[in-house]
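As structure tokens, the structure follows; a few thoughts come after it.
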Amino acid sequence: MVWFVEDTQCKLSKFDPETQKFTDYEPPSCKPTGSGPEKLGGGAGSVRMDRLGNLWANGGNLWRFDPKTEKFTEFPEGGHAYSLELDKKEGNVWFAQLEEGKIGKVDIMTLKLTRWTPPASVRLASINKDQPEEIGNTQTHPKSAGPRRITSDSQGIIWFGEWWAGQIGRFDPKTETFKEFPLPDPDPTPYGIGVDRNDFVWYSSYDDDILGRLDPKTGAVVEYPFPYSGNGIRELLPDSEGRMWYGTPFNNKVGYFIPPEEPKTVSKK
């Protein structure tokens, strides 16, 4: 079964390859705008299936859909999440809220939702508290670090890009502590983020057209210029061979990057 979301229609949909049949499901929070087919309530941009077989999507409310009962559970506190992902350790749902400047988790067993505020969001909210509200990707006085895409490494550590703060954020679920890594390029704008098989953290700079690699152990960043301008990479996905895959919508291409292997140390006898 193939599952996907229809953003402007505010629907979760499935396609059965055997019967060639499409089926649509609409969460209770979606409602017509009153003019045209688009709906209010916030359509989703991503969908993931957890190990229990339930679907999760990041709509105006965070959605959980049970295919067996065909019922939605909605989480308003997790609403307008820019992205969501399942962690590789326990399989829980993690999400990033760009405007609110928070990251959060839903335990897939208990359905308990918890949110945390990165230090950069606290700092920017304090510095710019008297500034007018701004909307859009380019903000002069942001009040949020701008957590955008989120992922996890093999140990269950959570990683996310901080769009307005120009950093990569790290969150340890066990200790509930943050660490933030400033990025070296002039206009970092970290968008896509992924972790390779060696647990190096990769990010794409939306404005500077580079791929960057962060070494979590040292904090060192290596930058690789992208061959096309306006790459617009939203996600970086590792495969079993160690390649990092991406889509560049403005260039109408899909590609992969082969991370360089670390030099091996040869011991002298």
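Letters A, B, ... mark the chains of the structure tokens in the order given; residue numbers begin at 1 per chain; ligand numbers begin at 1, in order shown.
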
With a cut-off of 12 Å, could you pull out the residues of range 151-265 of chain A touching range 98-109 of chain A and give me the nearest pair of atoms for each, distance in Å to one decimal, using only C-alpha atoms, ordered by chain and ascending number, as CSV?
```
residue,atom,partner,partner_atom,distance
A:Thr151,CA,A:Ile103,CA,11.1
A:Ile158,CA,A:Ile103,CA,9.6
A:Trp159,CA,A:Ile103,CA,10.1
A:Phe160,CA,A:Ile103,CA,8.7
A:Gly161,CA,A:Leu98,CA,9.9
A:Glu162,CA,A:Leu98,CA,8.5
A:Trp163,CA,A:Leu98,CA,8.2
A:Trp164,CA,A:Leu98,CA,9.3
A:Ala165,CA,A:Gly101,CA,10.4
A:Gly169,CA,A:Ile103,CA,10.2
A:Arg170,CA,A:Ile103,CA,10.7
A:Phe171,CA,A:Ile103,CA,9.2
A:Asp172,CA,A:Ile103,CA,12.0
A:Pro173,CA,A:Lys105,CA,9.4
A:Glu176,CA,A:Gly104,CA,11.3
A:Phe178,CA,A:Ile103,CA,11.0
A:Tyr191,CA,A:Leu98,CA,11.1
```

Residues flagged helix (DSSP H, G or I) by DSSP in range 66-223 of chain A, as a list of chain:residue names: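 Matching residues for helix (DSSP H, G or I) in range 66-223 of chain A are A:Pro76, A:Glu77, A:Gly78, A:Pro119, A:Ala120, A:Ser121, A:Val122, A:Arg123, A:Leu124, A:Ala125, A:Ser126, A:Ile127.
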
9 Å contact set for Lys89 in chain A, only C-alpha atoms, chain neighbours under 3 positions out, as a PyMOL selection string: chain A and resi 86+92+152-157

Among the residues A:Pro17, A:Gly219, A:Pro142, A:Gly247, the one that comes closest to Gly192 in chain A [using only C-alpha atoms]: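 Using only C-alpha atoms, Gly192 in chain A sits closest to A:Gly247.
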
Distance query Asn231 in chain A at most 12 Å, only C-alpha atoms, self and fewer than 2 positions along chain excluded, as a ChimeraX atom specification: /A:191-192,204-211,225-229,233-235,246-255

Shell of 12 Å around Leu62 in chain A, only C-alpha atoms, local chain residues under 3 positions omitted, as a PyMOL selection string: chain A and resi 27-29+41-48+55-59+65+72-84+93-97+104-106+111+113

Residues near Met244 in chain A, cut-off 9 Å, only C-alpha atoms, skip fewer than 4 positions along chain, as a PyMOL selection string: chain A and resi 194-196+202+236-239+255-259

Expected answer as number ranges by chain: strand (DSSP E) residues in range 31-253 of chain A: A: 31-32, 39-40, 47-49, 55-58, 62-66, 71-75, 83-86, 93-97, 102-106, 113-116, 147-152, 158-162, 167-172, 177-182, 190-195, 201-205, 210-214, 221-225, 237-238, 244-248, 253

Selection file, C-alpha atoms, as an mmCIF file, in the first residue's frame:
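To be explicit, this is the file written out as selection38.cif:
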```
data_model
loop_
_atom_site.group_PDB
_atom_site.id
_atom_site.type_symbol
_atom_site.label_atom_id
_atom_site.label_comp_id
_atom_site.auth_asym_id
_atom_site.auth_seq_id
_atom_site.Cartn_x
_atom_site.Cartn_y
_atom_site.Cartn_z
ATOM 1 C CA LYS A 31 -12.914 22.464 6.731
ATOM 2 C CA PRO A 32 -13.743 24.197 3.417
ATOM 3 C CA LYS A 39 -9.404 23.620 2.759
ATOM 4 C CA LEU A 40 -8.474 25.237 6.025
ATOM 5 C CA VAL A 47 3.712 11.272 6.197
ATOM 6 C CA ARG A 48 5.466 8.458 8.078
ATOM 7 C CA MET A 49 4.390 5.002 9.235
ATOM 8 C CA LEU A 55 0.360 6.846 9.942
ATOM 9 C CA TRP A 56 1.592 10.235 11.154
ATOM 10 C CA ALA A 57 1.375 13.515 9.231
ATOM 11 C CA ASN A 58 2.253 17.137 9.983
ATOM 12 C CA LEU A 62 -0.318 16.729 14.104
ATOM 13 C CA TRP A 63 -2.260 13.717 12.778
ATOM 14 C CA ARG A 64 -2.192 10.059 13.750
ATOM 15 C CA PHE A 65 -4.250 7.717 11.579
ATOM 16 C CA ASP A 66 -5.079 4.096 12.405
ATOM 17 C CA LYS A 71 -9.858 6.946 12.705
ATOM 18 C CA PHE A 72 -7.744 10.053 13.261
ATOM 19 C CA THR A 73 -6.218 11.246 16.516
ATOM 20 C CA GLU A 74 -5.158 14.889 16.378
ATOM 21 C CA PHE A 75 -2.598 16.753 18.470
ATOM 22 C CA SER A 83 8.643 18.325 9.545
ATOM 23 C CA LEU A 84 8.396 15.060 11.404
ATOM 24 C CA GLU A 85 10.480 11.895 11.619
ATOM 25 C CA LEU A 86 10.646 8.603 13.510
ATOM 26 C CA VAL A 93 7.578 10.621 16.433
ATOM 27 C CA TRP A 94 9.694 13.787 16.518
ATOM 28 C CA PHE A 95 8.636 17.080 14.991
ATOM 29 C CA ALA A 96 10.007 20.601 14.475
ATOM 30 C CA GLN A 97 7.910 23.771 14.686
ATOM 31 C CA LYS A 102 10.237 24.296 19.391
ATOM 32 C CA ILE A 103 10.890 20.599 18.836
ATOM 33 C CA GLY A 104 8.664 17.868 20.198
ATOM 34 C CA LYS A 105 8.036 14.171 20.589
ATOM 35 C CA VAL A 106 5.000 11.922 20.680
ATOM 36 C CA LEU A 113 3.302 14.744 23.600
ATOM 37 C CA THR A 114 6.267 16.695 24.997
ATOM 38 C CA ARG A 115 7.913 19.835 23.626
ATOM 39 C CA TRP A 116 11.256 21.533 24.266
ATOM 40 C CA PRO A 147 13.744 24.500 13.637
ATOM 41 C CA ARG A 148 12.964 23.199 10.167
ATOM 42 C CA ARG A 149 13.854 19.616 9.242
ATOM 43 C CA ILE A 150 14.492 17.033 11.940
ATOM 44 C CA THR A 151 16.097 13.586 12.036
ATOM 45 C CA SER A 152 17.933 11.199 14.356
ATOM 46 C CA ILE A 158 17.898 14.155 17.587
ATOM 47 C CA TRP A 159 19.314 16.598 15.019
ATOM 48 C CA PHE A 160 17.623 19.594 13.428
ATOM 49 C CA GLY A 161 18.502 22.673 11.415
ATOM 50 C CA GLU A 162 17.977 26.131 12.927
ATOM 51 C CA GLN A 167 23.041 26.488 13.423
ATOM 52 C CA ILE A 168 22.595 22.740 13.706
ATOM 53 C CA GLY A 169 20.822 21.691 16.881
ATOM 54 C CA ARG A 170 21.427 18.486 18.829
ATOM 55 C CA PHE A 171 19.034 17.127 21.473
ATOM 56 C CA ASP A 172 19.685 14.159 23.757
ATOM 57 C CA THR A 177 19.796 18.666 26.947
ATOM 58 C CA PHE A 178 20.641 20.708 23.866
ATOM 59 C CA LYS A 179 23.893 21.496 22.112
ATOM 60 C CA GLU A 180 24.075 23.882 19.170
ATOM 61 C CA PHE A 181 26.713 24.054 16.432
ATOM 62 C CA PRO A 182 27.172 27.402 14.605
ATOM 63 C CA PRO A 190 20.154 24.975 6.992
ATOM 64 C CA TYR A 191 17.199 23.247 5.349
ATOM 65 C CA GLY A 192 17.572 19.561 4.495
ATOM 66 C CA ILE A 193 19.279 17.470 7.159
ATOM 67 C CA GLY A 194 20.357 13.834 7.242
ATOM 68 C CA VAL A 195 22.663 11.465 9.096
ATOM 69 C CA VAL A 201 25.344 15.019 10.175
ATOM 70 C CA TRP A 202 24.725 16.504 6.725
ATOM 71 C CA TYR A 203 22.811 19.668 5.895
ATOM 72 C CA SER A 204 21.993 21.737 2.835
ATOM 73 C CA SER A 205 22.376 25.515 2.865
ATOM 74 C CA ILE A 210 26.456 24.067 -0.342
ATOM 75 C CA LEU A 211 26.270 20.673 1.292
ATOM 76 C CA GLY A 212 27.851 20.650 4.709
ATOM 77 C CA ARG A 213 29.033 17.825 6.951
ATOM 78 C CA LEU A 214 29.178 18.221 10.721
ATOM 79 C CA VAL A 221 32.194 21.412 9.529
ATOM 80 C CA VAL A 222 33.342 20.586 5.997
ATOM 81 C CA GLU A 223 31.549 22.341 3.138
ATOM 82 C CA TYR A 224 31.080 21.017 -0.409
ATOM 83 C CA PRO A 225 29.951 23.535 -3.067
ATOM 84 C CA LEU A 237 18.309 10.652 2.689
ATOM 85 C CA PRO A 238 21.035 8.028 3.252
ATOM 86 C CA MET A 244 23.204 10.812 0.512
ATOM 87 C CA TRP A 245 20.248 11.309 -1.839
ATOM 88 C CA TYR A 246 18.493 14.608 -2.501
ATOM 89 C CA GLY A 247 16.059 16.331 -4.824
ATOM 90 C CA THR A 248 16.784 19.800 -6.215
ATOM 91 C CA LYS A 253 16.935 16.850 -10.738
#
```

Surrounding residues of Ser13 in chain A excluding itself and chain neighbours under 5 positions, 10 Å, only C-alpha atoms, as a ChimeraX atom specification: /A:2-6,22-26

Go ahead and write the residues just picked, N, CA, C and O atoms, as a PDB file, in the first residue's frame.
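Listed below is the output, part05.pdb:
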```
ATOM      1  N   VAL A   2       0.518   2.226  -0.804  1.00  0.00           N
ATOM      2  CA  VAL A   2       1.264   3.476  -0.894  1.00  0.00           C
ATOM      3  C   VAL A   2       0.448   4.584  -0.230  1.00  0.00           C
ATOM      4  O   VAL A   2      -0.709   4.805  -0.577  1.00  0.00           O
ATOM      5  N   TRP A   3       1.072   5.273   0.736  1.00  0.00           N
ATOM      6  CA  TRP A   3       0.395   6.359   1.448  1.00  0.00           C
ATOM      7  C   TRP A   3       1.016   7.694   1.070  1.00  0.00           C
ATOM      8  O   TRP A   3       2.223   7.807   0.910  1.00  0.00           O
ATOM      9  N   PHE A   4       0.182   8.728   0.942  1.00  0.00           N
ATOM     10  CA  PHE A   4       0.681  10.061   0.631  1.00  0.00           C
ATOM     11  C   PHE A   4      -0.308  11.103   1.158  1.00  0.00           C
ATOM     12  O   PHE A   4      -1.436  10.766   1.548  1.00  0.00           O
ATOM     13  N   VAL A   5       0.134  12.361   1.196  1.00  0.00           N
ATOM     14  CA  VAL A   5      -0.726  13.436   1.674  1.00  0.00           C
ATOM     15  C   VAL A   5      -1.008  14.413   0.544  1.00  0.00           C
ATOM     16  O   VAL A   5      -0.199  14.584  -0.369  1.00  0.00           O
ATOM     17  N   GLU A   6      -2.188  15.037   0.595  1.00  0.00           N
ATOM     18  CA  GLU A   6      -2.580  16.070  -0.357  1.00  0.00           C
ATOM     19  C   GLU A   6      -2.717  17.371   0.420  1.00  0.00           C
ATOM     20  O   GLU A   6      -3.691  17.578   1.133  1.00  0.00           O
ATOM     21  N   PHE A  22      -7.702   4.422  -5.376  1.00  0.00           N
ATOM     22  CA  PHE A  22      -7.327   5.473  -4.448  1.00  0.00           C
ATOM     23  C   PHE A  22      -8.405   5.620  -3.376  1.00  0.00           C
ATOM     24  O   PHE A  22      -9.601   5.537  -3.670  1.00  0.00           O
ATOM     25  N   THR A  23      -7.980   5.856  -2.142  1.00  0.00           N
ATOM     26  CA  THR A  23      -8.907   6.121  -1.047  1.00  0.00           C
ATOM     27  C   THR A  23      -8.421   7.330  -0.277  1.00  0.00           C
ATOM     28  O   THR A  23      -7.238   7.424   0.059  1.00  0.00           O
ATOM     29  N   ASP A  24      -9.326   8.271   0.000  1.00  0.00           N
ATOM     30  CA  ASP A  24      -8.970   9.493   0.711  1.00  0.00           C
ATOM     31  C   ASP A  24      -9.574   9.489   2.111  1.00  0.00           C
ATOM     32  O   ASP A  24     -10.690   9.018   2.323  1.00  0.00           O
ATOM     33  N   TYR A  25      -8.804  10.076   3.054  1.00  0.00           N
ATOM     34  CA  TYR A  25      -9.273  10.227   4.430  1.00  0.00           C
ATOM     35  C   TYR A  25      -9.042  11.673   4.853  1.00  0.00           C
ATOM     36  O   TYR A  25      -7.974  12.240   4.610  1.00  0.00           O
ATOM     37  N   GLU A  26     -10.048  12.267   5.488  1.00  0.00           N
ATOM     38  CA  GLU A  26      -9.964  13.668   5.885  1.00  0.00           C
ATOM     39  C   GLU A  26     -10.108  13.806   7.392  1.00  0.00           C
ATOM     40  O   GLU A  26     -11.104  13.351   7.965  1.00  0.00           O
TER      41      GLU A  26
END
```

Between CA of Leu12 in chain A and CA of Ile135 in chain A - distance in Å to one decimal: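 Spanning CA of Ile135 in chain A to CA of Leu12 in chain A is a straight-line distance of 27.6 Å.
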
Best match for closeness to Asp50 in chain A among A:Asp87, A:Lys68, A:Cys10, A:Gln20, counting only C-alpha atoms: A:Asp87

Counting only C-alpha atoms, the option among A:Gly60, A:Gly53, A:Pro67, A:Gly146 closest to Gly91 in chain A: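 Of A:Gly60, A:Gly53, A:Pro67, A:Gly146, the one nearest Gly91 in chain A, counting only C-alpha atoms, is A:Gly53.
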